[in-house]
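Asker: Mind having a look at this structure? Questions to follow.
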Amino acid sequence: VSPRVILLGGLIVGLVARVLFGLLDDGLWWPDEYYQSLEPAHRLVFGYGWQAWEFVEGARHWTLPGVVAAVMKAADLLGLPYLRVIELTFCAIGAATTYAVFVLARAQGASERAAAIAATVFSLMGLAVFIGPRPMGESLSALPITVAFALLFGAPTRTRMVVAGALLAFAVGLRIQNGLFAVLALPMPLRRPGGRG
C-alpha cells in the first residue's frame with residue numbers, strides 16, 4: 001500500500017470517527033467544554049451567557065472563546081445549528097492536525113511511509129477522536145503547535161520563524177501551558193544549518 005493511501009485512509013477514517021462521535025455523543029466530558037468556550041462565546045455573540053470567574057477576573061485569555069464565537073456567529077448568520085457547526089469545525093481541525101503530523105514527521109527526516117503511519121496513528125488515537133469534536137483548547141492548539149514545529153524543522157528562514165512564532169503565540173493564547181512549546185522552540189533555528197542568517 002502506498003504512503004499516500006495510508007495517509008488518506010487514516011485521514012478519512014479519523015475524520016469520520018470524529019464526526020460520528022460528535023453527532024452521537026451529547027455528553028459532557030469536562031466542564032471547561034462549556035464554561036471556558038461555549039458560554040463565553042455565546043455571551044460574545046448573543047449578549048447573554050454564563051461568565052466564569054476566570055474571564056471576570058482576567059485569569060484566562062479570550063482566544064478560545066473568540067474562535068468559537070466566530071464560528072458560532074457565522075453559523076447563526078447562515079441559519080445553521082451552531083453547536084453542530086462548532087463540532088464539525090473542530091473535527092476538521094483534527095483532520096488538518098493529522099496532515100500536519102505528516103508534514104512534521106517529513107520535516108524531521110522520516111520517510112513518506114513512516115510519516116503516513118505516524119499521522120494515521122494520531123488520527124485514530126482514542127483520545128484525539130474523543131476530544132476531537134469538543135470545543136477545547138487542547139484539541140484546537142495541537143494544529144498551530146504542530147505546524148509551527150514543522151516550519152522550524154525546515155530551513156529556518158525569517159518568514160518561517162515569524163509564522164511559527166505567531167502560531168505558537170496563538171497556541172499560548174488558547175492554553176497558557178503551551179508556553180512550554182514556545183520556550184522549547186526558541187533555540188531551534190540556531191541548531192539548524194544556516195540558523196543564524
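Going by the C-alpha cells order, chains are called A, B, ..., each with residues numbered from 1, while ligands are numbered from 1 in the order shown.
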DSSP on the backbone: which residues in region 55-135 of chain A end up as alpha helix (DSSP H)? Give the answer as a PDB file with C-alpha atoms, in the first residue's frame.

Answerer:
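Generated output (out27.pdb):
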```pdb
ATOM      1  CA  PHE A  55     -12.981  35.784  32.469  1.00  0.00           C
ATOM      2  CA  VAL A  56     -14.382  38.227  35.038  1.00  0.00           C
ATOM      3  CA  THR A  63      -8.560  33.394  22.337  1.00  0.00           C
ATOM      4  CA  LEU A  64     -10.508  30.108  22.578  1.00  0.00           C
ATOM      5  CA  PRO A  65     -13.961  31.644  23.149  1.00  0.00           C
ATOM      6  CA  GLY A  66     -13.124  34.196  20.451  1.00  0.00           C
ATOM      7  CA  VAL A  67     -12.509  31.451  17.891  1.00  0.00           C
ATOM      8  CA  VAL A  68     -15.646  29.605  18.992  1.00  0.00           C
ATOM      9  CA  ALA A  69     -17.644  32.865  18.871  1.00  0.00           C
ATOM     10  CA  ALA A  70     -16.538  33.485  15.273  1.00  0.00           C
ATOM     11  CA  VAL A  71     -17.762  30.031  14.224  1.00  0.00           C
ATOM     12  CA  MET A  72     -20.949  30.475  16.265  1.00  0.00           C
ATOM     13  CA  LYS A  73     -21.716  33.836  14.655  1.00  0.00           C
ATOM     14  CA  ALA A  74     -21.057  32.521  11.143  1.00  0.00           C
ATOM     15  CA  ALA A  75     -23.364  29.554  11.767  1.00  0.00           C
ATOM     16  CA  ASP A  76     -26.060  31.839  13.171  1.00  0.00           C
ATOM     17  CA  LEU A  77     -25.843  34.176  10.166  1.00  0.00           C
ATOM     18  CA  TYR A  82     -24.236  26.480  15.764  1.00  0.00           C
ATOM     19  CA  LEU A  83     -23.395  23.629  18.142  1.00  0.00           C
ATOM     20  CA  ARG A  84     -23.166  21.164  15.238  1.00  0.00           C
ATOM     21  CA  VAL A  85     -21.157  23.609  13.143  1.00  0.00           C
ATOM     22  CA  ILE A  86     -18.708  24.096  16.023  1.00  0.00           C
ATOM     23  CA  GLU A  87     -18.344  20.318  16.409  1.00  0.00           C
ATOM     24  CA  LEU A  88     -17.766  19.860  12.673  1.00  0.00           C
ATOM     25  CA  THR A  89     -15.248  22.709  12.645  1.00  0.00           C
ATOM     26  CA  PHE A  90     -13.253  21.083  15.430  1.00  0.00           C
ATOM     27  CA  CYS A  91     -13.444  17.732  13.607  1.00  0.00           C
ATOM     28  CA  ALA A  92     -11.971  19.417  10.521  1.00  0.00           C
ATOM     29  CA  ILE A  93      -9.219  20.921  12.702  1.00  0.00           C
ATOM     30  CA  GLY A  94      -8.430  17.375  13.898  1.00  0.00           C
ATOM     31  CA  ALA A  95      -8.124  16.216  10.279  1.00  0.00           C
ATOM     32  CA  ALA A  96      -5.858  19.174   9.486  1.00  0.00           C
ATOM     33  CA  THR A  97      -3.722  18.259  12.509  1.00  0.00           C
ATOM     34  CA  THR A  98      -3.391  14.735  11.121  1.00  0.00           C
ATOM     35  CA  TYR A  99      -1.912  16.140   7.932  1.00  0.00           C
ATOM     36  CA  ALA A 100       0.293  18.496   9.960  1.00  0.00           C
ATOM     37  CA  VAL A 101       1.699  15.484  11.834  1.00  0.00           C
ATOM     38  CA  PHE A 102       2.639  14.001   8.455  1.00  0.00           C
ATOM     39  CA  VAL A 103       4.376  17.247   7.432  1.00  0.00           C
ATOM     40  CA  LEU A 104       6.195  17.488  10.780  1.00  0.00           C
ATOM     41  CA  ALA A 105       7.441  13.900  10.515  1.00  0.00           C
ATOM     42  CA  ARG A 106       8.707  14.561   6.986  1.00  0.00           C
ATOM     43  CA  ALA A 107      10.434  17.756   8.175  1.00  0.00           C
ATOM     44  CA  GLU A 112       6.968   9.144   3.462  1.00  0.00           C
ATOM     45  CA  ARG A 113       5.653   5.761   4.661  1.00  0.00           C
ATOM     46  CA  ALA A 114       6.757   6.324   8.272  1.00  0.00           C
ATOM     47  CA  ALA A 115       5.255   9.832   8.256  1.00  0.00           C
ATOM     48  CA  ALA A 116       1.973   8.498   6.864  1.00  0.00           C
ATOM     49  CA  ILE A 117       1.843   5.820   9.566  1.00  0.00           C
ATOM     50  CA  ALA A 118       2.614   8.382  12.295  1.00  0.00           C
ATOM     51  CA  ALA A 119      -0.175  10.652  11.022  1.00  0.00           C
ATOM     52  CA  THR A 120      -2.599   7.720  10.855  1.00  0.00           C
ATOM     53  CA  VAL A 121      -1.738   6.695  14.420  1.00  0.00           C
ATOM     54  CA  PHE A 122      -2.516  10.238  15.580  1.00  0.00           C
ATOM     55  CA  SER A 123      -5.712  10.349  13.520  1.00  0.00           C
ATOM     56  CA  LEU A 124      -7.045   7.129  15.064  1.00  0.00           C
ATOM     57  CA  GLY A 126      -8.614   7.252  21.038  1.00  0.00           C
ATOM     58  CA  LEU A 127      -8.136  10.491  22.958  1.00  0.00           C
ATOM     59  CA  ALA A 128      -7.753  12.537  19.767  1.00  0.00           C
ATOM     60  CA  VAL A 129     -11.022  11.107  18.430  1.00  0.00           C
ATOM     61  CA  PHE A 130     -12.777  11.533  21.786  1.00  0.00           C
ATOM     62  CA  ILE A 131     -11.921  15.215  22.264  1.00  0.00           C
TER      63      ILE A 131
END
```

Asker: I'd like the neighbourhood of Leu152 (chain A) as number ranges by chain, where a residue qualifies if any of its atoms comes within 12 Å (using only C-alpha atoms), though same-chain residues fewer than 5 positions away should be ignored.

Answerer: A: 103-104, 107-108, 145-147, 157-165, 167-168, 181-182, 184-193, 195

Asker: Using C-alpha atoms, can you write the selected residues to a file as a PDB file, in the first residue's frame?

Answerer:
```pdb
ATOM      1  CA  VAL A 103       4.376  17.247   7.432  1.00  0.00           C
ATOM      2  CA  LEU A 104       6.195  17.488  10.780  1.00  0.00           C
ATOM      3  CA  ALA A 107      10.434  17.756   8.175  1.00  0.00           C
ATOM      4  CA  GLN A 108      12.282  15.655  10.754  1.00  0.00           C
ATOM      5  CA  ILE A 145       1.873  23.803  17.536  1.00  0.00           C
ATOM      6  CA  THR A 146       2.419  21.009  15.006  1.00  0.00           C
ATOM      7  CA  VAL A 147       2.596  23.418  12.064  1.00  0.00           C
ATOM      8  CA  THR A 157      14.030  31.455   7.040  1.00  0.00           C
ATOM      9  CA  ARG A 158      12.826  34.637   8.717  1.00  0.00           C
ATOM     10  CA  THR A 159       9.344  34.131   7.291  1.00  0.00           C
ATOM     11  CA  ARG A 160       9.122  30.612   8.717  1.00  0.00           C
ATOM     12  CA  MET A 161      10.313  31.816  12.120  1.00  0.00           C
ATOM     13  CA  VAL A 162       7.816  34.693  12.192  1.00  0.00           C
ATOM     14  CA  VAL A 163       4.913  32.424  11.171  1.00  0.00           C
ATOM     15  CA  ALA A 164       5.998  29.753  13.675  1.00  0.00           C
ATOM     16  CA  GLY A 165       6.229  32.401  16.404  1.00  0.00           C
ATOM     17  CA  LEU A 167       1.326  30.170  15.642  1.00  0.00           C
ATOM     18  CA  LEU A 168       2.954  29.438  18.991  1.00  0.00           C
ATOM     19  CA  PHE A 181       6.399  24.614  23.443  1.00  0.00           C
ATOM     20  CA  ALA A 182       7.271  28.240  22.768  1.00  0.00           C
ATOM     21  CA  LEU A 184      11.458  24.814  23.561  1.00  0.00           C
ATOM     22  CA  ALA A 185      11.175  26.387  20.104  1.00  0.00           C
ATOM     23  CA  LEU A 186      13.382  29.390  20.911  1.00  0.00           C
ATOM     24  CA  PRO A 187      16.794  27.782  20.302  1.00  0.00           C
ATOM     25  CA  MET A 188      15.676  25.593  17.372  1.00  0.00           C
ATOM     26  CA  PRO A 189      16.615  27.934  14.499  1.00  0.00           C
ATOM     27  CA  LEU A 190      20.144  28.252  15.919  1.00  0.00           C
ATOM     28  CA  ARG A 191      20.661  24.474  15.856  1.00  0.00           C
ATOM     29  CA  ARG A 192      19.833  24.140  12.163  1.00  0.00           C
ATOM     30  CA  PRO A 193      22.411  24.743   9.413  1.00  0.00           C
ATOM     31  CA  GLY A 195      20.135  29.154  11.501  1.00  0.00           C
TER      32      GLY A 195
END
```

Asker: Taking into account only C-alpha atoms, which residue in the set A:Pro144, A:Pro156, A:Ile176, A:Met125 is nearest to Ala17 (chain A)?

Answerer: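 Distance minimum relative to Ala17 (chain A) lands on A:Met125.
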